[in-house]
Amino acid sequence: MNERIKDYIGHGEEILWSGRSENFEAMDKTHKNYYLRRGIIIAVIALALIALYIPTAISTGAGIKVGVILVLLAVGVYAVISPVLDVKKLRKTEYVLTNEKLIIVSPSDVRSVALSSIPTAKLAKDEDGHTSLLCGPDADKLAACKRRVATLTGALLDQDSSMCDRFVLYAVNDVAGLKKAASGYLTIA
């Protein structure tokens, strides 16, 4: 169990279940087309910005600054490789269910949502057979190719009601154990 979790467990709170994502391929059927489309769009935008910058810099007499081009390229490259970085992060992420909340412990942070603020929870499979826990109405509508990112971003709460709109545990490795542990604490459809 991750030592960082101790700071997020309240007095009288007990851990009912913990797990991780199961093994998955970065470019599986569910994500391959999405990542390719995303990469092409980002590359086109970065090149378009550079193509606009060069004539504008020349026509205004400001001169072409190599640093500006390098920053645009760096932002474009980072945006293209960020799905690979997300996969690495997800593989090191732990999921925890307590009697009070769901917690995601990633290498960089800990995110949680109170069970009492989760209006709906269901399990959903993607094309590759990975089962994710989708909490909240926005998670239920989320495209399967966006579940990884949603897991890493943590809970989105409705500002008016403080109810959970979206919280996702991607590719849960122990679905039966999660369902059993959640019984009586969180209704999972």
# chains A, B, ... in the order shown; residues from 1 in each chain; ligands from 1

$ closest_atom_pairs --of "region 67-177 of chain A" --to "region 34-56 of chain A" --cutoff "7 Å" --atoms "only C-alpha atoms" --output "CSV"
residue,atom,partner,partner_atom,distance
A:Ile69,CA,A:Ile50,CA,6.3
A:Leu72,CA,A:Ala46,CA,6.2
A:Leu73,CA,A:Ala46,CA,6.6
A:Gly76,CA,A:Ala46,CA,5.7
A:Val80,CA,A:Gly39,CA,5.0
A:Cys145,CA,A:Tyr34,CA,6.8

$ residues_around --residues "Lys88 (chain A)" --least-positions-apart "6" --cutoff "10 Å" --atoms "only C-alpha atoms" --output "MDAnalysis selection string"
chainID A and resid 26 82 107

$ atom_distance --atom1 "CA of Ser21 (chain A)" --atom2 "CA of Tyr95 (chain A)"
8.0 Å

$ residues_around --residues "region 171-180 of chain A" --least-positions-apart "3" --cutoff "10 Å" --atoms "only C-alpha atoms" --output "ChimeraX atom specification"
/A:16-24,90,94-97,123-126,128-133,147-148,151,168,183-184,186-189

$ residues_around --residues "Ile15 (chain A)" --least-positions-apart "3" --cutoff "12 Å" --atoms "only C-alpha atoms" --output "count of residues only"
23
